[in-house]
Amino acid sequence: MTQAQALSIPGHAHGYPDIAFGGYVAGLLAAQAGAETVRVDFRRAVPVETPILLSRPETGRATLTAADGTVLTEASNATLALDIPPAPSWDEAEAAVATALSSPHRRITDCYGCGVRCAPGQGLRLFPWRVPGRDLMAAAWTPDPGLADESGELPPEVVWSTLDCPGGIAAWVLSKMDQGAFTAALTGTQLRPVRAGEDYIAHAWPLHRDGRKHTVGVALSTRDGELCALAEALWVVPRTA
């Protein structure tokens with residue numbers, strides 16, 4: 001067991017106000033867990049700009065806890081088997097973004113993943129919408145240099161963030177998920193580096209629904225269709241939504 005490390009999630013990396021963005025948190029934990037495929041379970045909301053503790057109790061596991069010891073999020077070694085629908089073309093993904101930005105049904109927010117109000121480098125600015133004729137959400141995306149490290153590569157917390165909002169929007173649009181849902185679990189893997197300034201396609205699709213629970217698949221690929229990252233996400237609508 002390693003000694004716990006104190007940290008805080010930066011304020012701009014939020015989904016709902018004052019709540020850390022799920023994919024960002026998952027990526028931080030996945031990097032610490034050190035496994036090829038990681039499942040991250042969210043036990044409590046993780047606040048931004050608040051001291052929390054990151055620990056690695058054993059190989060393949062990592063946890064975030066509050067200052068009082070309450071477990072917020074846990075990561076563990078996992079497996080992932082998904083039938084991935086073909087990614088749309090770049091032109092289709094660009095058209096989906098244009099539709100997303102013009103849709104009157106899309107909420108205007110500063111969400112770290114899909115918020116149009118985020119300044120470049122302070123959020124992904126990833127804007128998925130439905131591909132006509134397919135049960136698929138997609139977005140063309142060219143990551144801003146402000147999201148990358150000194151080498152130009154996106155760190156795990158940014159890559160995993162691309163696997164969050166597209167799935168939620170897929171569940172909302174294609175599975176009629178109610179507003180107010182949150183990421184309860186995210187199982188993912190990164191297969192190749194993702195670099196700022198290069199073109200990528202995110203696409204997401206519904207897998208199944210069980211009452212308030214919605215399971216979705218999400219993939220991030222190069223413009224030419226090479227898979228970079230993949231995830232299965234569980235979204236849950238709270239009883240009070």
# chains A, B, ... in the order shown; residues from 1 in each chain; ligands from 1
>>> select_by_dssp(residues="range 115-215 of chain A", states="alpha helix (DSSP H)", output="compact mmCIF listing (two decimals) with all heavy atoms, in the first residue's frame")
# COMPACT_ATOMS: atom_id res chain seq x y z
N PRO A 156 -3.92 10.96 -19.24
CA PRO A 156 -5.05 10.03 -19.10
C PRO A 156 -6.35 10.69 -18.67
O PRO A 156 -7.44 10.31 -19.15
CB PRO A 156 -4.56 9.03 -18.04
CG PRO A 156 -3.08 9.06 -18.17
CD PRO A 156 -2.73 10.47 -18.52
N GLU A 157 -6.29 11.68 -17.78
CA GLU A 157 -7.53 12.30 -17.31
C GLU A 157 -8.26 13.02 -18.44
O GLU A 157 -9.51 13.13 -18.42
CB GLU A 157 -7.27 13.26 -16.15
CG GLU A 157 -6.35 14.42 -16.45
CD GLU A 157 -4.89 14.13 -16.12
OE1 GLU A 157 -4.49 12.94 -16.15
OE2 GLU A 157 -4.16 15.09 -15.85
N VAL A 158 -7.55 13.48 -19.45
CA VAL A 158 -8.19 14.13 -20.59
C VAL A 158 -8.73 13.08 -21.56
O VAL A 158 -9.86 13.19 -22.05
CB VAL A 158 -7.22 15.09 -21.30
CG1 VAL A 158 -7.88 15.70 -22.53
CG2 VAL A 158 -6.77 16.19 -20.34
N VAL A 159 -7.94 12.04 -21.82
CA VAL A 159 -8.41 10.97 -22.71
C VAL A 159 -9.67 10.31 -22.15
O VAL A 159 -10.66 10.11 -22.86
CB VAL A 159 -7.30 9.93 -22.95
CG1 VAL A 159 -7.83 8.77 -23.81
CG2 VAL A 159 -6.10 10.57 -23.63
N TRP A 160 -9.66 9.98 -20.87
CA TRP A 160 -10.83 9.35 -20.27
C TRP A 160 -12.03 10.30 -20.25
O TRP A 160 -13.18 9.86 -20.30
CB TRP A 160 -10.50 8.87 -18.86
CG TRP A 160 -9.83 7.53 -18.82
CD1 TRP A 160 -8.60 7.22 -19.32
CD2 TRP A 160 -10.35 6.32 -18.26
NE1 TRP A 160 -8.32 5.90 -19.11
CE2 TRP A 160 -9.36 5.32 -18.46
CE3 TRP A 160 -11.52 5.99 -17.60
CZ2 TRP A 160 -9.54 4.00 -18.02
CZ3 TRP A 160 -11.70 4.68 -17.16
CH2 TRP A 160 -10.72 3.70 -17.38
N SER A 161 -11.77 11.59 -20.22
CA SER A 161 -12.88 12.55 -20.26
C SER A 161 -13.64 12.46 -21.57
O SER A 161 -14.86 12.71 -21.61
CB SER A 161 -12.35 13.97 -20.06
OG SER A 161 -11.88 14.17 -18.74
N CYS A 165 -19.05 12.30 -21.61
CA CYS A 165 -20.23 12.99 -22.15
C CYS A 165 -20.86 12.33 -23.37
O CYS A 165 -22.09 12.28 -23.46
CB CYS A 165 -19.89 14.45 -22.48
SG CYS A 165 -19.96 15.54 -21.05
N PRO A 166 -20.09 11.83 -24.34
CA PRO A 166 -20.75 11.23 -25.50
C PRO A 166 -21.71 10.10 -25.12
O PRO A 166 -22.79 9.96 -25.70
CB PRO A 166 -19.58 10.70 -26.34
CG PRO A 166 -18.46 11.63 -26.03
CD PRO A 166 -18.61 11.91 -24.55
N GLY A 167 -21.34 9.31 -24.11
CA GLY A 167 -22.23 8.23 -23.67
C GLY A 167 -23.47 8.76 -23.00
O GLY A 167 -24.58 8.25 -23.20
N GLY A 168 -23.31 9.80 -22.17
CA GLY A 168 -24.49 10.38 -21.52
C GLY A 168 -25.45 10.99 -22.52
O GLY A 168 -26.67 10.84 -22.40
N ILE A 169 -24.91 11.65 -23.54
CA ILE A 169 -25.77 12.24 -24.56
C ILE A 169 -26.44 11.16 -25.39
O ILE A 169 -27.61 11.28 -25.77
CB ILE A 169 -24.95 13.22 -25.43
CG1 ILE A 169 -24.46 14.38 -24.56
CG2 ILE A 169 -25.78 13.76 -26.59
CD1 ILE A 169 -23.50 15.32 -25.27
N ALA A 170 -25.73 10.04 -25.64
CA ALA A 170 -26.34 8.92 -26.35
C ALA A 170 -27.53 8.36 -25.56
O ALA A 170 -28.59 8.05 -26.13
CB ALA A 170 -25.31 7.82 -26.60
N ALA A 171 -27.35 8.20 -24.26
CA ALA A 171 -28.44 7.69 -23.43
C ALA A 171 -29.60 8.68 -23.39
O ALA A 171 -30.78 8.29 -23.42
CB ALA A 171 -27.94 7.39 -22.02
N TRP A 172 -29.29 9.95 -23.31
CA TRP A 172 -30.33 10.98 -23.25
C TRP A 172 -31.15 11.02 -24.55
O TRP A 172 -32.38 11.01 -24.52
CB TRP A 172 -29.66 12.34 -22.97
CG TRP A 172 -30.56 13.53 -23.06
CD1 TRP A 172 -31.84 13.63 -22.57
CD2 TRP A 172 -30.28 14.78 -23.69
NE1 TRP A 172 -32.35 14.88 -22.85
CE2 TRP A 172 -31.42 15.60 -23.54
CE3 TRP A 172 -29.16 15.28 -24.34
CZ2 TRP A 172 -31.47 16.90 -24.05
CZ3 TRP A 172 -29.20 16.57 -24.83
CH2 TRP A 172 -30.36 17.38 -24.69
N VAL A 173 -30.45 11.05 -25.68
CA VAL A 173 -31.14 11.20 -26.96
C VAL A 173 -31.74 9.88 -27.45
O VAL A 173 -32.88 9.84 -27.93
CB VAL A 173 -30.18 11.78 -28.02
CG1 VAL A 173 -30.84 11.81 -29.40
CG2 VAL A 173 -29.73 13.19 -27.62
N LEU A 174 -30.99 8.79 -27.34
CA LEU A 174 -31.38 7.53 -27.97
C LEU A 174 -32.13 6.59 -27.03
O LEU A 174 -32.86 5.72 -27.49
CB LEU A 174 -30.15 6.84 -28.54
CG LEU A 174 -29.37 7.65 -29.58
CD1 LEU A 174 -28.09 6.91 -29.96
CD2 LEU A 174 -30.22 7.93 -30.80
>>> residues_around(residues="range 212-229 of chain A", least_positions_apart="4", cutoff="8 Å", atoms="only C-alpha atoms", output="NGL selection string")
:A and (82 or 84 or 87 or 89-90 or 159-160 or 162-164 or 166-168 or 170-171 or 175 or 177 or 188-194 or 199-208 or 233-238)
>>> closest_residue(among="A:Asp110, A:Glu58, A:Glu198, A:Glu49", to="Ala148 in chain A", atoms="only C-alpha atoms")
A:Glu198
>>> closest_residue(among="A:His105, A:Arg56, A:Arg125, A:Arg209", to="Gly146 in chain A", atoms="only C-alpha atoms")
A:Arg125
>>> closest_atom_pairs(of="range 61-99 of chain A", to="range 127-143 of chain A", cutoff="6 Å", atoms="only C-alpha atoms", output="CSV")
residue,atom,partner,partner_atom,distance
A:Ala93,CA,A:Ala139,CA,4.7
A:Glu94,CA,A:Ala140,CA,5.1
A:Ala96,CA,A:Trp129,CA,4.9
A:Val97,CA,A:Phe127,CA,5.4
>>> residues_around(residues="Gly69 in chain A", least_positions_apart="4", cutoff="10 Å", atoms="only C-alpha atoms", output="MDAnalysis selection string")
chainID A and resid 52:53 64:65
>>> write_last_selection(atoms="N, CA, C and O atoms", output="short mmCIF file (atom, residue, chain, number, x, y, z; two decimals), in the first residue's frame")
data_model
loop_
_atom_site.label_atom_id
_atom_site.label_comp_id
_atom_site.auth_asym_id
_atom_site.auth_seq_id
_atom_site.Cartn_x
_atom_site.Cartn_y
_atom_site.Cartn_z
N ILE A 52 -8.56 16.24 -1.28
CA ILE A 52 -8.94 14.84 -1.21
C ILE A 52 -7.66 14.02 -1.22
O ILE A 52 -6.57 14.55 -1.43
N LEU A 53 -7.78 12.71 -0.99
CA LEU A 53 -6.61 11.85 -0.88
C LEU A 53 -6.67 10.75 -1.94
O LEU A 53 -7.69 10.07 -2.10
N LEU A 64 -9.98 7.32 -4.26
CA LEU A 64 -10.03 8.70 -3.79
C LEU A 64 -10.90 8.73 -2.56
O LEU A 64 -12.02 8.18 -2.55
N THR A 65 -10.42 9.38 -1.52
CA THR A 65 -11.20 9.51 -0.29
C THR A 65 -11.25 10.97 0.13
O THR A 65 -10.36 11.76 -0.17
#
>>> select_by_dssp(residues="range 40-225 of chain A", states="strand (DSSP E)", output="PyMOL selection string")
chain A and resi 40-42+52-55+61-66+71-77+129-130+137-141+182-190+200-210+213-222
>>> closest_residue(among="A:Ser76, A:Gln32, A:Gln5, A:Ser151", to="Leu186 in chain A", atoms="only C-alpha atoms")
A:Ser76
>>> atom_distance(atom1="CA of Ala33 in chain A", atom2="CA of Thr187 in chain A")
12.5 Å
>>> residues_around(residues="Pro10 in chain A", least_positions_apart="6", cutoff="12 Å", atoms="only C-alpha atoms", output="PyMOL selection string")
chain A and resi 18-21+24-25+46-52+112+122-123+157
>>> residues_around(residues="range 39-45 of chain A", least_positions_apart="3", cutoff="6 Å", atoms="only C-alpha atoms", output="VMD selection string")
chain A and resid 26 72 to 76 78 184 to 187
>>> write_last_selection(atoms="N, CA, C and O atoms", output="PDB file, in the first residue's frame")
ATOM      1  N   ALA A  26     -11.929   9.594 -13.376  1.00  0.00           N
ATOM      2  CA  ALA A  26     -11.647   8.218 -13.763  1.00  0.00           C
ATOM      3  C   ALA A  26     -10.258   8.089 -14.377  1.00  0.00           C
ATOM      4  O   ALA A  26      -9.528   7.134 -14.107  1.00  0.00           O
ATOM      5  N   LEU A  72     -14.756   8.038  -1.986  1.00  0.00           N
ATOM      6  CA  LEU A  72     -15.474   8.757  -3.037  1.00  0.00           C
ATOM      7  C   LEU A  72     -15.520   7.965  -4.337  1.00  0.00           C
ATOM      8  O   LEU A  72     -16.563   7.879  -4.991  1.00  0.00           O
ATOM      9  N   THR A  73     -14.379   7.410  -4.722  1.00  0.00           N
ATOM     10  CA  THR A  73     -14.250   6.723  -5.998  1.00  0.00           C
ATOM     11  C   THR A  73     -13.228   5.611  -5.859  1.00  0.00           C
ATOM     12  O   THR A  73     -12.212   5.773  -5.184  1.00  0.00           O
ATOM     13  N   GLU A  74     -13.499   4.472  -6.512  1.00  0.00           N
ATOM     14  CA  GLU A  74     -12.589   3.338  -6.478  1.00  0.00           C
ATOM     15  C   GLU A  74     -12.309   2.849  -7.890  1.00  0.00           C
ATOM     16  O   GLU A  74     -13.211   2.778  -8.719  1.00  0.00           O
ATOM     17  N   ALA A  75     -11.060   2.489  -8.161  1.00  0.00           N
ATOM     18  CA  ALA A  75     -10.664   1.926  -9.449  1.00  0.00           C
ATOM     19  C   ALA A  75     -10.080   0.541  -9.228  1.00  0.00           C
ATOM     20  O   ALA A  75      -9.360   0.305  -8.251  1.00  0.00           O
ATOM     21  N   SER A  76     -10.383  -0.372 -10.152  1.00  0.00           N
ATOM     22  CA  SER A  76      -9.879  -1.736 -10.032  1.00  0.00           C
ATOM     23  C   SER A  76      -9.639  -2.333 -11.415  1.00  0.00           C
ATOM     24  O   SER A  76     -10.201  -1.873 -12.419  1.00  0.00           O
ATOM     25  N   ALA A  78      -9.995  -4.631 -14.571  1.00  0.00           N
ATOM     26  CA  ALA A  78     -11.254  -5.076 -15.164  1.00  0.00           C
ATOM     27  C   ALA A  78     -10.997  -5.659 -16.544  1.00  0.00           C
ATOM     28  O   ALA A  78      -9.870  -5.672 -17.054  1.00  0.00           O
ATOM     29  N   ALA A 184     -22.123   6.533 -13.001  1.00  0.00           N
ATOM     30  CA  ALA A 184     -21.972   5.710 -11.804  1.00  0.00           C
ATOM     31  C   ALA A 184     -20.768   4.787 -11.905  1.00  0.00           C
ATOM     32  O   ALA A 184     -20.167   4.428 -10.888  1.00  0.00           O
ATOM     33  N   ALA A 185     -20.409   4.386 -13.119  1.00  0.00           N
ATOM     34  CA  ALA A 185     -19.233   3.526 -13.326  1.00  0.00           C
ATOM     35  C   ALA A 185     -18.727   3.731 -14.744  1.00  0.00           C
ATOM     36  O   ALA A 185     -19.515   3.953 -15.669  1.00  0.00           O
ATOM     37  N   LEU A 186     -17.426   3.654 -14.896  1.00  0.00           N
ATOM     38  CA  LEU A 186     -16.798   3.826 -16.200  1.00  0.00           C
ATOM     39  C   LEU A 186     -15.676   2.802 -16.305  1.00  0.00           C
ATOM     40  O   LEU A 186     -14.724   2.830 -15.520  1.00  0.00           O
ATOM     41  N   THR A 187     -15.806   1.880 -17.251  1.00  0.00           N
ATOM     42  CA  THR A 187     -14.794   0.856 -17.496  1.00  0.00           C
ATOM     43  C   THR A 187     -14.136   1.161 -18.830  1.00  0.00           C
ATOM     44  O   THR A 187     -14.811   1.197 -19.862  1.00  0.00           O
TER      45      THR A 187
END
>>> atom_distance(atom1="CA of Ala35 in chain A", atom2="CA of Asn77 in chain A")
5.7 Å
>>> closest_residue(among="A:Ala98, A:Ala196, A:Gly34, A:Leu80", to="Thr59 in chain A", atoms="only C-alpha atoms")
A:Gly34
